[in-house]
Structures are given as C-alpha cells and as structure tokens.
>>> print(open('structure-v7.csv').read())   # CSV, C-alpha atoms and all ligand atoms
chain,number,residue,atom,x,y,z
A,2,MET,CA,-26.1,19.3,-12.1
A,3,SER,CA,-25.2,23.0,-12.7
A,4,ALA,CA,-21.7,23.9,-13.7
A,5,ASP,CA,-21.3,25.7,-10.4
A,6,ALA,CA,-22.4,22.7,-8.4
A,7,GLN,CA,-20.2,20.4,-10.4
A,8,LYS,CA,-17.2,22.7,-9.7
A,9,LYS,CA,-18.0,22.7,-6.0
A,10,ARG,CA,-18.3,19.0,-6.0
A,11,LEU,CA,-14.9,18.6,-7.8
A,12,ILE,CA,-13.2,21.0,-5.4
A,13,ALA,CA,-14.7,19.2,-2.4
A,14,ALA,CA,-13.4,15.9,-3.8
A,15,ASN,CA,-9.9,17.0,-4.0
A,16,PRO,CA,-9.3,20.2,-2.1
A,17,LYS,CA,-5.6,19.6,-1.4
A,18,ALA,CA,-3.3,17.8,-3.8
A,19,ALA,CA,0.3,18.6,-3.6
A,20,GLY,CA,1.2,19.8,-0.2
A,21,LEU,CA,0.3,23.0,-2.0
A,22,GLU,CA,-3.4,23.8,-2.0
A,23,ALA,CA,-5.4,24.8,-5.0
A,24,GLY,CA,-7.0,28.0,-3.9
A,25,ILE,CA,-10.5,29.4,-4.2
A,26,ALA,CA,-9.4,31.1,-7.5
A,27,SER,CA,-9.4,27.7,-9.1
A,28,GLN,CA,-11.8,27.5,-12.0
A,29,ASP,CA,-11.6,24.1,-13.7
A,30,ARG,CA,-10.6,20.5,-13.0
A,31,ILE,CA,-8.7,17.8,-15.0
A,32,VAL,CA,-11.1,14.9,-15.4
A,33,TRP,CA,-9.1,12.7,-17.7
A,34,VAL,CA,-5.5,12.0,-18.7
A,35,GLY,CA,-4.4,9.7,-21.5
A,36,ALA,CA,-0.8,8.7,-22.2
A,37,SER,CA,0.5,6.7,-25.1
A,38,LEU,CA,3.7,5.4,-26.6
A,39,VAL,CA,3.9,6.2,-30.3
A,40,VAL,CA,7.0,4.9,-32.1
A,41,VAL,CA,7.6,6.9,-35.4
A,42,PRO,CA,9.6,5.1,-38.1
A,43,LEU,CA,12.2,7.2,-39.9
A,44,GLY,CA,12.3,5.1,-43.1
A,45,ARG,CA,16.1,4.9,-43.2
A,46,GLU,CA,19.0,4.6,-40.9
A,47,ILE,CA,20.3,8.0,-39.7
A,48,ASN,CA,24.0,8.4,-38.7
A,49,ASP,CA,25.7,11.3,-37.0
A,50,ALA,CA,29.3,11.3,-35.6
A,51,LYS,CA,28.3,9.4,-32.5
A,52,VAL,CA,27.5,6.4,-34.8
A,53,LEU,CA,30.7,6.8,-36.8
A,54,THR,CA,32.8,6.8,-33.6
A,55,GLY,CA,31.0,3.7,-32.5
A,56,ARG,CA,29.3,5.2,-29.5
A,57,GLN,CA,25.7,4.8,-30.7
A,58,ARG,CA,23.8,2.6,-33.1
A,59,PRO,CA,22.1,4.2,-36.1
A,60,LEU,CA,18.8,5.9,-35.5
A,61,THR,CA,15.8,4.2,-37.1
A,62,GLU,CA,12.8,5.5,-35.1
A,63,VAL,CA,11.7,8.2,-32.6
A,64,ALA,CA,9.7,7.2,-29.5
A,65,LEU,CA,7.1,9.7,-28.4
A,66,LEU,CA,5.2,9.9,-25.1
A,67,VAL,CA,2.0,11.5,-26.2
A,68,VAL,CA,-0.3,13.0,-23.4
A,69,GLU,CA,-3.8,14.2,-23.8
A,70,ILE,CA,-5.6,16.0,-21.0
A,71,ALA,CA,-9.4,16.9,-20.7
A,72,SER,CA,-11.0,19.3,-18.3
A,73,ALA,CA,-14.4,19.4,-16.7
A,74,GLU,CA,-15.2,22.6,-18.6
A,75,GLY,CA,-14.6,20.8,-21.9
A,76,TYR,CA,-11.0,21.9,-22.8
A,77,ARG,CA,-8.4,19.6,-24.2
A,78,GLY,CA,-4.6,19.7,-24.3
A,79,LEU,CA,-2.1,17.7,-26.3
A,80,GLY,CA,1.6,17.4,-25.4
A,81,PHE,CA,4.4,15.1,-26.1
A,82,SER,CA,8.0,14.2,-25.1
A,83,TYR,CA,10.4,12.0,-27.0
A,84,THR,CA,13.4,9.8,-26.7
A,85,LEU,CA,15.9,8.4,-29.2
A,86,ARG,CA,17.2,4.8,-29.3
A,87,VAL,CA,16.1,3.7,-25.8
A,88,GLY,CA,13.7,4.5,-23.1
A,89,GLY,CA,10.3,4.9,-24.8
A,90,PRO,CA,8.5,2.1,-22.8
A,91,ALA,CA,10.1,3.4,-19.6
A,92,MET,CA,8.7,6.9,-20.3
A,93,LEU,CA,5.2,5.5,-20.6
A,94,ALA,CA,5.6,3.3,-17.5
A,95,TYR,CA,6.7,6.4,-15.6
A,96,ALA,CA,3.8,8.4,-17.0
A,97,ARG,CA,1.4,5.9,-15.5
A,98,ASP,CA,2.9,6.6,-12.0
A,99,LEU,CA,2.5,10.4,-12.5
A,100,ALA,CA,-0.8,10.8,-14.4
A,101,GLU,CA,-3.1,10.1,-11.4
A,102,GLY,CA,-1.5,13.1,-9.7
A,103,LEU,CA,-3.2,15.4,-12.2
A,104,VAL,CA,-6.7,14.1,-12.1
A,105,GLY,CA,-8.9,16.5,-10.0
A,106,GLU,CA,-6.3,19.4,-10.3
A,107,ASP,CA,-6.9,22.8,-11.8
A,108,PRO,CA,-5.2,22.7,-15.3
A,109,ASN,CA,-4.5,26.4,-15.0
A,110,ASP,CA,-2.0,26.0,-12.2
A,111,ILE,CA,0.8,24.8,-14.5
A,112,ALA,CA,3.7,25.9,-12.3
A,113,ARG,CA,2.2,24.3,-9.2
A,114,LEU,CA,1.5,21.1,-11.1
A,115,TRP,CA,5.1,20.9,-12.5
A,116,ASP,CA,6.3,21.2,-8.9
A,117,LYS,CA,3.9,18.6,-7.7
A,118,LEU,CA,5.1,16.0,-10.3
A,119,ALA,CA,8.7,16.9,-9.6
A,120,TRP,CA,8.2,16.2,-5.9
A,121,TRP,CA,6.5,12.9,-6.7
A,122,SER,CA,9.6,12.2,-8.8
A,123,ALA,CA,12.1,13.3,-6.2
A,124,SER,CA,13.8,10.0,-5.8
A,125,LEU,CA,14.5,9.9,-9.5
A,126,GLY,CA,16.0,13.3,-9.5
A,127,ARG,CA,15.3,16.5,-11.5
A,128,ALA,CA,16.9,15.6,-14.8
A,129,GLY,CA,16.7,12.9,-17.4
A,130,LEU,CA,13.7,10.5,-17.7
A,131,ALA,CA,11.9,12.0,-14.7
A,132,VAL,CA,11.6,15.5,-16.1
A,133,GLN,CA,11.3,14.3,-19.7
A,134,THR,CA,8.1,12.4,-18.7
A,135,ILE,CA,6.8,15.5,-16.9
A,136,ALA,CA,7.5,17.5,-20.1
A,137,ALA,CA,4.6,15.7,-21.9
A,138,PHE,CA,2.1,16.6,-19.2
A,139,ASP,CA,3.5,20.2,-18.9
A,140,THR,CA,3.2,20.7,-22.6
A,141,ALA,CA,-0.4,19.4,-22.7
A,142,LEU,CA,-1.3,21.8,-19.9
A,143,TRP,CA,0.2,24.8,-21.8
A,144,ASP,CA,-1.6,23.7,-25.0
A,145,LEU,CA,-4.9,23.4,-23.0
A,146,LYS,CA,-4.4,26.9,-21.5
A,147,ALA,CA,-3.7,28.5,-24.9
A,148,ARG,CA,-6.7,26.7,-26.4
A,149,ARG,CA,-8.9,28.0,-23.6
A,150,ALA,CA,-7.6,31.5,-24.3
A,151,GLY,CA,-8.3,31.0,-28.1
A,152,LEU,CA,-4.6,31.9,-28.8
A,153,PRO,CA,-1.7,30.2,-30.5
A,154,LEU,CA,0.8,29.3,-27.7
A,155,ALA,CA,3.3,31.9,-29.0
A,156,LYS,CA,0.7,34.6,-28.5
A,157,LEU,CA,-0.2,33.3,-25.0
A,158,LEU,CA,3.5,33.5,-24.0
A,159,GLY,CA,3.8,37.1,-25.4
A,160,ALA,CA,5.1,36.8,-29.0
A,161,GLN,CA,8.0,38.9,-30.3
A,162,ARG,CA,7.4,37.9,-33.9
A,163,ASP,CA,5.0,35.8,-36.1
A,164,SER,CA,7.6,33.8,-37.9
A,165,VAL,CA,11.1,32.5,-37.0
A,166,ARG,CA,14.2,31.9,-39.2
A,167,CYS,CA,14.5,28.2,-39.8
A,168,TYR,CA,17.3,25.9,-41.0
A,169,ASN,CA,17.3,22.2,-42.1
A,170,SER,CA,19.2,19.6,-40.2
A,171,SER,CA,17.9,16.3,-41.5
A,172,GLY,CA,19.6,16.6,-45.0
A,173,GLY,CA,23.1,17.0,-43.6
A,174,TYR,CA,23.6,13.7,-41.8
A,175,LEU,CA,26.7,11.6,-42.3
A,176,SER,CA,24.6,8.9,-43.8
A,177,SER,CA,24.3,11.1,-46.9
A,178,ASP,CA,27.2,11.3,-49.3
A,179,ILE,CA,28.3,14.7,-50.7
A,180,ALA,CA,26.0,14.4,-53.8
A,181,GLU,CA,22.9,13.6,-51.8
A,182,MET,CA,23.8,16.2,-49.2
A,183,LYS,CA,23.9,18.9,-51.9
A,184,GLU,CA,20.7,17.7,-53.4
A,185,ARG,CA,18.9,17.7,-50.1
A,186,ALA,CA,20.2,21.1,-49.2
A,187,SER,CA,19.0,22.5,-52.6
A,188,ALA,CA,15.6,20.9,-52.0
A,189,SER,CA,15.4,22.5,-48.5
A,190,LEU,CA,16.2,26.0,-49.9
A,191,GLU,CA,13.6,25.6,-52.7
A,192,ARG,CA,11.1,24.7,-50.0
A,193,GLY,CA,11.7,28.1,-48.4
A,194,ILE,CA,14.0,27.0,-45.6
A,195,GLY,CA,16.6,29.6,-44.7
A,196,GLY,CA,19.8,27.7,-43.6
A,197,ILE,CA,21.5,24.4,-43.8
A,198,LYS,CA,23.3,22.4,-41.1
A,199,LEU,CA,25.8,19.8,-41.7
A,200,LYS,CA,27.0,17.0,-39.4
A,201,VAL,CA,30.8,16.8,-38.7
A,202,GLY,CA,32.8,15.1,-36.0
A,203,GLN,CA,33.9,12.1,-38.0
A,204,PRO,CA,37.1,10.3,-36.9
A,205,ASP,CA,39.0,12.0,-39.8
A,206,PRO,CA,38.3,15.8,-39.6
A,207,MET,CA,39.7,16.3,-43.0
A,208,ILE,CA,36.8,14.4,-44.5
A,209,ASP,CA,34.5,16.8,-42.6
A,210,LEU,CA,36.3,19.7,-44.1
A,211,GLN,CA,35.9,18.4,-47.6
A,212,ARG,CA,32.1,18.1,-47.0
A,213,ILE,CA,31.8,21.6,-45.6
A,214,GLU,CA,33.8,23.2,-48.4
A,215,ALA,CA,31.8,21.2,-51.0
A,216,LEU,CA,28.5,22.4,-49.5
A,217,ARG,CA,29.7,26.0,-49.2
A,218,ASP,CA,30.8,25.9,-52.9
A,219,HIS,CA,27.4,24.5,-53.8
A,220,LEU,CA,25.3,26.9,-51.8
A,221,GLY,CA,27.4,30.1,-52.4
A,222,ALA,CA,28.6,32.5,-49.7
A,223,ASP,CA,25.3,33.9,-48.6
A,224,VAL,CA,23.3,30.9,-47.5
A,225,PRO,CA,23.5,30.6,-43.7
A,226,MET,CA,25.4,27.4,-42.8
A,227,MET,CA,26.0,25.6,-39.4
A,228,ILE,CA,28.1,22.6,-38.5
A,229,ASP,CA,27.4,20.1,-35.7
A,230,ALA,CA,30.1,17.8,-34.3
A,231,ASN,CA,27.7,16.0,-31.8
A,232,GLN,CA,30.3,16.1,-29.0
A,233,GLN,CA,32.9,14.1,-30.9
A,234,TRP,CA,36.0,16.3,-30.7
A,235,ASP,CA,38.5,16.9,-28.0
A,236,ARG,CA,39.5,20.4,-27.0
A,237,THR,CA,42.5,20.5,-29.3
A,238,THR,CA,40.7,19.2,-32.4
A,239,ALA,CA,37.8,21.6,-31.8
A,240,LEU,CA,40.1,24.6,-31.5
A,241,ARG,CA,42.2,23.7,-34.6
A,242,PHE,CA,39.1,22.9,-36.7
A,243,GLY,CA,37.3,26.0,-35.5
A,244,ARG,CA,40.3,28.1,-36.7
A,245,ILE,CA,40.3,26.4,-40.1
A,246,VAL,CA,36.7,27.1,-40.7
A,247,GLU,CA,36.6,30.7,-39.5
A,248,PRO,CA,36.8,32.1,-43.1
A,249,LEU,CA,33.6,30.1,-44.0
A,250,ASN,CA,31.4,32.5,-42.1
A,251,LEU,CA,29.4,29.7,-40.3
A,252,VAL,CA,26.4,30.8,-38.2
A,253,TRP,CA,27.7,28.5,-35.5
A,254,ILE,CA,29.7,25.4,-34.5
A,255,GLU,CA,27.5,23.1,-32.6
A,256,GLU,CA,28.5,20.7,-29.8
A,257,PRO,CA,32.2,20.7,-30.6
A,258,LEU,CA,32.9,19.0,-27.2
A,259,ASP,CA,31.3,16.7,-24.6
A,260,ALA,CA,28.0,18.3,-23.7
A,261,HIS,CA,29.0,18.7,-20.1
A,262,ASP,CA,32.4,20.3,-20.7
A,263,PHE,CA,31.1,23.8,-20.0
A,264,GLU,CA,34.6,25.3,-19.5
A,265,GLY,CA,35.8,23.8,-22.7
A,266,HIS,CA,32.9,25.3,-24.6
A,267,ALA,CA,33.5,28.6,-22.9
A,268,ALA,CA,37.2,28.6,-23.9
A,269,LEU,CA,36.2,28.0,-27.5
A,270,ALA,CA,33.6,30.7,-27.4
A,271,ALA,CA,36.2,33.1,-26.2
A,272,GLU,CA,38.8,32.0,-28.7
A,273,LEU,CA,36.8,31.8,-31.9
A,274,ALA,CA,34.9,34.4,-33.9
A,275,THR,CA,32.4,31.7,-35.0
A,276,PRO,CA,29.7,31.4,-32.4
A,277,ILE,CA,29.4,28.2,-30.3
A,278,ALA,CA,26.0,26.5,-30.0
A,279,THR,CA,25.3,23.8,-27.4
A,280,GLY,CA,22.8,22.6,-24.8
A,281,GLU,CA,20.6,20.0,-26.5
A,282,MET,CA,21.9,17.1,-24.3
A,283,LEU,CA,21.2,18.9,-21.1
A,284,SER,CA,18.1,17.7,-19.3
A,285,SER,CA,17.5,20.2,-16.5
A,286,VAL,CA,17.3,23.9,-15.8
A,287,ASP,CA,20.3,23.6,-13.4
A,288,GLU,CA,22.6,22.3,-16.1
A,289,HIS,CA,21.6,25.2,-18.4
A,290,VAL,CA,22.3,27.6,-15.6
A,291,LYS,CA,25.8,26.3,-15.3
A,292,LEU,CA,26.4,26.3,-19.0
A,293,ILE,CA,25.2,29.9,-19.4
A,294,GLN,CA,27.0,31.1,-16.4
A,295,ALA,CA,30.2,29.5,-17.6
A,296,GLY,CA,29.9,31.5,-20.9
A,297,GLY,CA,29.8,28.2,-22.8
A,298,ALA,CA,27.2,29.0,-25.4
A,299,ASP,CA,26.6,31.9,-27.8
A,300,PHE,CA,23.5,30.1,-28.9
A,301,ILE,CA,21.7,28.1,-26.2
A,302,GLN,CA,20.0,25.0,-27.7
A,303,ALA,CA,17.6,24.1,-24.9
A,304,ASP,CA,15.1,21.3,-25.8
A,305,ALA,CA,11.7,21.7,-24.1
A,306,PRO,CA,10.9,18.0,-23.9
A,307,ARG,CA,14.4,17.2,-22.6
A,308,VAL,CA,14.4,19.8,-19.8
A,309,GLY,CA,11.0,19.0,-18.5
A,310,GLY,CA,8.6,21.0,-20.7
A,311,ILE,CA,7.7,24.5,-21.5
A,312,THR,CA,7.7,25.7,-17.8
A,313,PRO,CA,11.4,25.0,-17.3
A,314,PHE,CA,12.3,26.0,-20.8
A,315,LEU,CA,10.9,29.5,-20.1
A,316,LYS,CA,13.1,29.8,-17.0
A,317,ILE,CA,16.1,28.9,-19.2
A,318,CYS,CA,15.0,31.6,-21.7
A,319,THR,CA,14.9,34.2,-19.0
A,320,LEU,CA,18.4,33.6,-17.9
A,321,ALA,CA,19.6,33.3,-21.5
A,322,GLU,CA,18.0,36.6,-22.4
A,323,LEU,CA,19.5,38.4,-19.4
A,324,SER,CA,22.9,36.9,-20.2
A,325,ARG,CA,22.7,38.1,-23.9
A,326,VAL,CA,22.7,34.6,-25.3
A,327,ASP,CA,20.9,33.8,-28.5
A,328,LEU,CA,18.4,30.9,-28.8
A,329,ALA,CA,18.3,27.9,-31.2
A,330,PRO,CA,16.1,25.2,-29.7
A,331,HIS,CA,16.9,21.6,-30.5
A,332,MET,CA,14.6,19.6,-32.8
A,333,VAL,CA,10.8,19.4,-32.1
A,334,MET,CA,9.9,22.4,-34.3
A,335,GLU,CA,6.2,21.7,-33.6
A,336,ILE,CA,6.7,23.1,-30.0
A,337,HIS,CA,9.8,25.2,-30.3
A,338,LEU,CA,8.4,27.4,-33.1
A,339,HIS,CA,6.0,28.9,-30.5
A,340,LEU,CA,8.7,29.2,-27.8
A,341,ALA,CA,11.2,30.8,-30.2
A,342,ALA,CA,8.6,33.3,-31.4
A,343,ALA,CA,8.4,34.6,-27.8
A,344,TYR,CA,12.2,34.9,-27.3
A,345,ALA,CA,13.8,38.3,-27.0
A,346,SER,CA,16.5,38.2,-29.7
A,347,GLU,CA,16.0,36.8,-33.2
A,348,PRO,CA,16.3,33.0,-32.8
A,349,TRP,CA,16.5,30.0,-35.2
A,350,VAL,CA,14.3,26.9,-35.2
A,351,GLU,CA,15.5,23.5,-36.5
A,352,HIS,CA,13.6,22.0,-39.3
A,353,PHE,CA,13.2,18.2,-39.1
A,354,GLU,CA,10.4,16.5,-41.0
A,355,TRP,CA,10.6,13.4,-38.8
A,356,LEU,CA,7.6,14.1,-36.6
A,357,GLU,CA,5.4,15.7,-39.4
A,358,PRO,CA,3.4,12.5,-40.1
A,359,VAL,CA,2.3,12.3,-36.4
A,360,PHE,CA,0.1,15.3,-36.9
A,361,ASN,CA,-2.6,16.3,-39.4
A,362,GLU,CA,-1.3,19.9,-39.7
A,363,ARG,CA,1.9,21.1,-41.5
A,364,LEU,CA,3.9,24.2,-40.5
A,365,GLU,CA,4.1,26.8,-43.2
A,366,ILE,CA,7.6,27.7,-44.4
A,367,ARG,CA,8.4,30.6,-46.7
A,368,GLY,CA,11.2,33.2,-47.3
A,369,GLY,CA,13.6,31.4,-44.9
A,370,ARG,CA,11.1,31.4,-42.0
A,371,MET,CA,8.7,29.2,-40.3
A,372,ILE,CA,5.3,30.8,-39.7
A,373,VAL,CA,3.5,30.6,-36.3
A,374,PRO,CA,0.2,28.9,-37.0
A,375,ASP,CA,-3.0,30.9,-36.2
A,376,ARG,CA,-4.7,27.9,-34.6
A,377,PRO,CA,-5.1,27.9,-30.8
A,378,GLY,CA,-2.6,26.2,-28.6
A,379,LEU,CA,0.2,24.3,-30.4
A,380,GLY,CA,-2.3,24.0,-33.3
A,381,LEU,CA,-1.8,20.2,-33.6
A,382,THR,CA,-4.1,17.2,-33.8
A,383,LEU,CA,-3.0,13.5,-33.9
A,384,SER,CA,-3.1,11.8,-37.3
A,385,GLU,CA,-4.3,8.4,-38.3
A,386,ALA,CA,-0.6,7.4,-38.8
A,387,ALA,CA,0.0,8.3,-35.1
A,388,ALA,CA,-2.8,5.9,-34.1
A,389,SER,CA,-1.3,3.2,-36.2
A,390,TRP,CA,2.1,3.7,-34.6
A,391,THR,CA,0.7,3.6,-31.1
A,392,ARG,CA,2.2,0.6,-29.2
A,393,GLU,CA,0.5,1.0,-25.8
A,394,THR,CA,-1.9,3.4,-24.0
A,395,ALA,CA,-3.0,4.2,-20.5
A,396,GLU,CA,-5.7,6.4,-19.2
A,397,PHE,CA,-6.8,7.9,-15.9
A,398,GLY,CA,-10.0,9.5,-14.7
A,399,ARG,CA,-13.2,9.6,-16.6
A,400,ARG,CA,-13.0,10.1,-20.3
A,401,PRO,CA,-15.4,12.9,-21.3
B,501,MG,MG,22.9,18.9,-32.6
>>> encode(input="structure-v7.csv", output="structure tokens")
Amino acid sequence: MSADAQKKRLIAANPKAAGLEAGIASQDRIVWVGASLVVVPLGREINDAKVLTGRQRPLTEVALLVVEIASAEGYRGLGFSYTLRVGGPAMLAYARDLAEGLVGEDPNDIARLWDKLAWWSASLGRAGLAVQTIAAFDTALWDLKARRAGLPLAKLLGAQRDSVRCYNSSGGYLSSDIAEMKERASASLERGIGGIKLKVGQPDPMIDLQRIEALRDHLGADVPMMIDANQQWDRTTALRFGRIVEPLNLVWIEEPLDAHDFEGHAALAAELATPIATGEMLSSVDEHVKLIQAGGADFIQADAPRVGGITPFLKICTLAELSRVDLAPHMVMEIHLHLAAAYASEPWVEHFEWLEPVFNERLEIRGGRMIVPDRPGLGLTLSEAAASWTRETAEFGRRP
C-alpha cells in the first residue's frame, strides 16, 4: 500500500478522537504506544529535612514511567515521568487507561492530545498523578516531534543559549556529614559543575548554619551556593534564618516554607535580599499561576514531569517570563536542560546523577555549564540497565 493510501486508511479509521477533530492538515498517525515501570536504585539511603523531621522515609529508589511512541511514518519518541517513594505502579496502571487514547492520533497535535488525555482524566483532576502520567506521553510526543525535525528539543522550542549554568544537589544531602559534603562539593566543581546546593531544614537550625558556614569556608566566597529547607521551617524560623545567612551571598533559599504557603513565600521574598526559590512540589499550571501572581518566587522551580509535561511547563514559563521571574527547574536535568535553554533569562539546571544509568548518553558539563546535546529530540536512548530495572510493561497498537 502506498504511503498516501495508508494515511487515508488511518484517517478513515479514526477521523474523530477527542471531541476535537484532527483536521485535514494531519500528516502522521501514532501506531504503537509502550509504557513501562522502571525502578532505579540509588545505591544508598538519601535523607533531606523531611526525613529528619519524621515526615518521610529515606529515599532509596526512583520510579519512572517510561513511554515510547511510534508513528506510521517511522518516527519514535521517548518520554518519562517519575515519582519518589510511592505511586510508581499506580502511574503505570493509569498509563494503561490513557495509552489507547493516543493510538490512531496525529502525534504532531501535542496540545490537542494533552487536552484529550486531560479530559479523559477529568474525574481525577488536573494535578497530581493524573497529569504526572500524562507528562510521560507529552514528553514522548515532543521528543518525537523534535526528532522528526532533526533538531535537539531546545532548538525546536527556540533556544536562547546552547548551554545552561548547572549546580549539584545530590552531594549536599543531610545523609552526608560535613567532611563528605565538602569532598562531594569539591568533586562536583572539579567535574565542571558551577554551583553547590546544600540541604537544611533540620530540627535544629544551628546545625544547618554550621554546615553552611563550613561549606562556604571550604568553597570560598565566589562559588555559587544555594540552600534548600524542603518546606520544614515555619514563617518565623525562615525569616530569622534568612536574615542570619544574608551575608553569605547565597544564590537562593529554596522551599523555606510549606510549598502551598504562597503568601508566606511572598513575604520572605519581599523581606530578604536573598532570592526565594520554590515550586517543585506544585503539580499543575494553576498552582504555579497562583504562586507567581502572589510574588512567592524569585526563582520558579517548575518540574515538567510533575506539572504534566513540556506542554504545561511552557505555559508556566510564559507567565514566569512576563512576571520577570527567573527559572531553576527541579531535578530531571535530562529534560530540563532543553527547556531551560529556551527560557528568556539565564536559568540554572539541577545536576543529579541519579537517572544517568537509565540512558546510554551522558550530558556534557564544562566551565560551570551543562551543554545542550546536538542529538535530535531529547537525545536519549534507554540503556541495558533500564531494561534490567523494568518491573512491568504494557503496549497498545501494532508494534512497528
Ligand atoms: Mg528542592
């Protein structure tokens, strides 16, 4: 059958799919969707302040929902979403309910398909697990589109830069004592990473202060440093602590308060010279709109997998840019490097090596910056390790 005839047949088979019709401009069709639960071990227990205050158990693994999409014209897309501690199997179960909604659709119509999956999910709401599952599909569609264009995703989105400042987070957890923290910070800088973030928010803030001062002494005055309280302070502690650390010239204080206390964050941002960073725990565009409009973030820390993928992330970026807010996306450097490269003002990306073994490729880091890869799409392929960590898979349509 000719390509044209095949296209006509596919369109005839599924002319109307979402209440919104795919128009005559449609060019291609999704023929296969694969979804899998990949559980990545971290090798050691990780503690932040939420563990020390007894609210969460230590982190030992990251659960990924990995989605692959194939089209009739032979293009492939790879996307993923993630969850920490709980919910991985639920994400895959939910992906099973959504995947069939994509088979037969034009993979180019990403905005329409996001809306379609969100409408299918309406009774679960437009935040949390529902959109975090959609995120894996949405990211795979963007990857596919960029691969079709033969462009890195950053370039498809309209890049502002070919590299982004990066800082390391994984060395500054509370599970590391001061000596190990210093050692890991030095190793990060030697690797070419440009800044170091330290976890704080322990029950005794004076222990946090000792750690910050020890690291500042170790690194010297010029290395960019951030601190992250993981929502464990009350308003009074956050203001007092923020005033004490003003002379340390921190790049930002992250999540000083409960993630949903937008007014509290806004009051701190107004009171302190040190910028306030927050937003990683929000899982919808609407929550980010409220945070930005409250003036609660100098740096917005949107997380594409958590807010529903690249499509909603870009909406948040538009509002953030128009509100003169800086960007420092949370975790998942493999996706966020591309999105940060397309942001208006100079952003930061967060360096975590946790997901590196899932992929065959490594991101290049030099001179304090992470380099946008020149490979099409996200520039990622799944490794053999990812296959060995795959707990369960599901597929829909006809595998090409
Ligand atoms: Mg954080």
>>> closest_atom_pairs(input="structure-v7.csv", of="chain A", to="ligand MG 501 (chain B)", cutoff="12 Å", atoms="all atoms listed in the file", output="CSV")
residue,atom,partner,partner_atom,distance
A:Asp49,CA,B:MG501,MG,9.2
A:Ala50,CA,B:MG501,MG,10.4
A:Lys51,CA,B:MG501,MG,10.9
A:Asn169,CA,B:MG501,MG,11.5
A:Ser170,CA,B:MG501,MG,8.5
A:Ser171,CA,B:MG501,MG,10.5
A:Gly173,CA,B:MG501,MG,11.2
A:Tyr174,CA,B:MG501,MG,10.6
A:Lys198,CA,B:MG501,MG,9.2
A:Leu199,CA,B:MG501,MG,9.6
A:Lys200,CA,B:MG501,MG,8.2
A:Val201,CA,B:MG501,MG,10.2
A:Gly202,CA,B:MG501,MG,11.1
A:Met227,CA,B:MG501,MG,10.0
A:Ile228,CA,B:MG501,MG,8.7
A:Asp229,CA,B:MG501,MG,5.6
A:Ala230,CA,B:MG501,MG,7.5
A:Asn231,CA,B:MG501,MG,5.7
A:Gln232,CA,B:MG501,MG,8.7
A:Gln233,CA,B:MG501,MG,11.2
A:Trp253,CA,B:MG501,MG,11.1
A:Ile254,CA,B:MG501,MG,9.6
A:Glu255,CA,B:MG501,MG,6.2
A:Glu256,CA,B:MG501,MG,6.5
A:Pro257,CA,B:MG501,MG,9.7
A:Leu258,CA,B:MG501,MG,11.4
A:Asp259,CA,B:MG501,MG,11.8
A:Ala260,CA,B:MG501,MG,10.3
A:Ile277,CA,B:MG501,MG,11.6
A:Ala278,CA,B:MG501,MG,8.6
A:Thr279,CA,B:MG501,MG,7.5
A:Gly280,CA,B:MG501,MG,8.6
A:Glu281,CA,B:MG501,MG,6.6
A:Met282,CA,B:MG501,MG,8.6
A:Leu283,CA,B:MG501,MG,11.6
A:Phe300,CA,B:MG501,MG,11.8
A:Ile301,CA,B:MG501,MG,11.3
A:Gln302,CA,B:MG501,MG,8.3
A:Ala303,CA,B:MG501,MG,10.7
A:Asp304,CA,B:MG501,MG,10.6
A:Ala329,CA,B:MG501,MG,10.2
A:Pro330,CA,B:MG501,MG,9.7
A:His331,CA,B:MG501,MG,6.9
A:Met332,CA,B:MG501,MG,8.3
A:Glu351,CA,B:MG501,MG,9.5
A:His352,CA,B:MG501,MG,11.9
A:Phe353,CA,B:MG501,MG,11.7
>>> closest_residue(input="structure-v7.csv", among="A:Ala342, A:Ile245, A:Leu356, A:Leu364", to="A:Lys156", atoms="all atoms listed in the file")
A:Ala342
>>> residues_around(input="structure-v7.csv", residues="A:Trp33", least_positions_apart="2", cutoff="8 Å", atoms="only C-alpha atoms", output="list of chain:residue names")
A:Ile31, A:Gly35, A:Ile70, A:Ala71, A:Ser72, A:Val104, A:Glu396, A:Phe397, A:Gly398, A:Arg399, A:Arg400, A:Pro401
>>> atom_distance(input="structure-v7.csv", atom1="atom CA of A:Arg58", atom2="atom CA of A:Gly196")
27.5 Å
>>> closest_residue(input="structure-v7.csv", among="A:Gly129, A:Gly105, A:Gly369, A:Pro377", to="A:Gly309", atoms="all atoms listed in the file")
A:Gly129
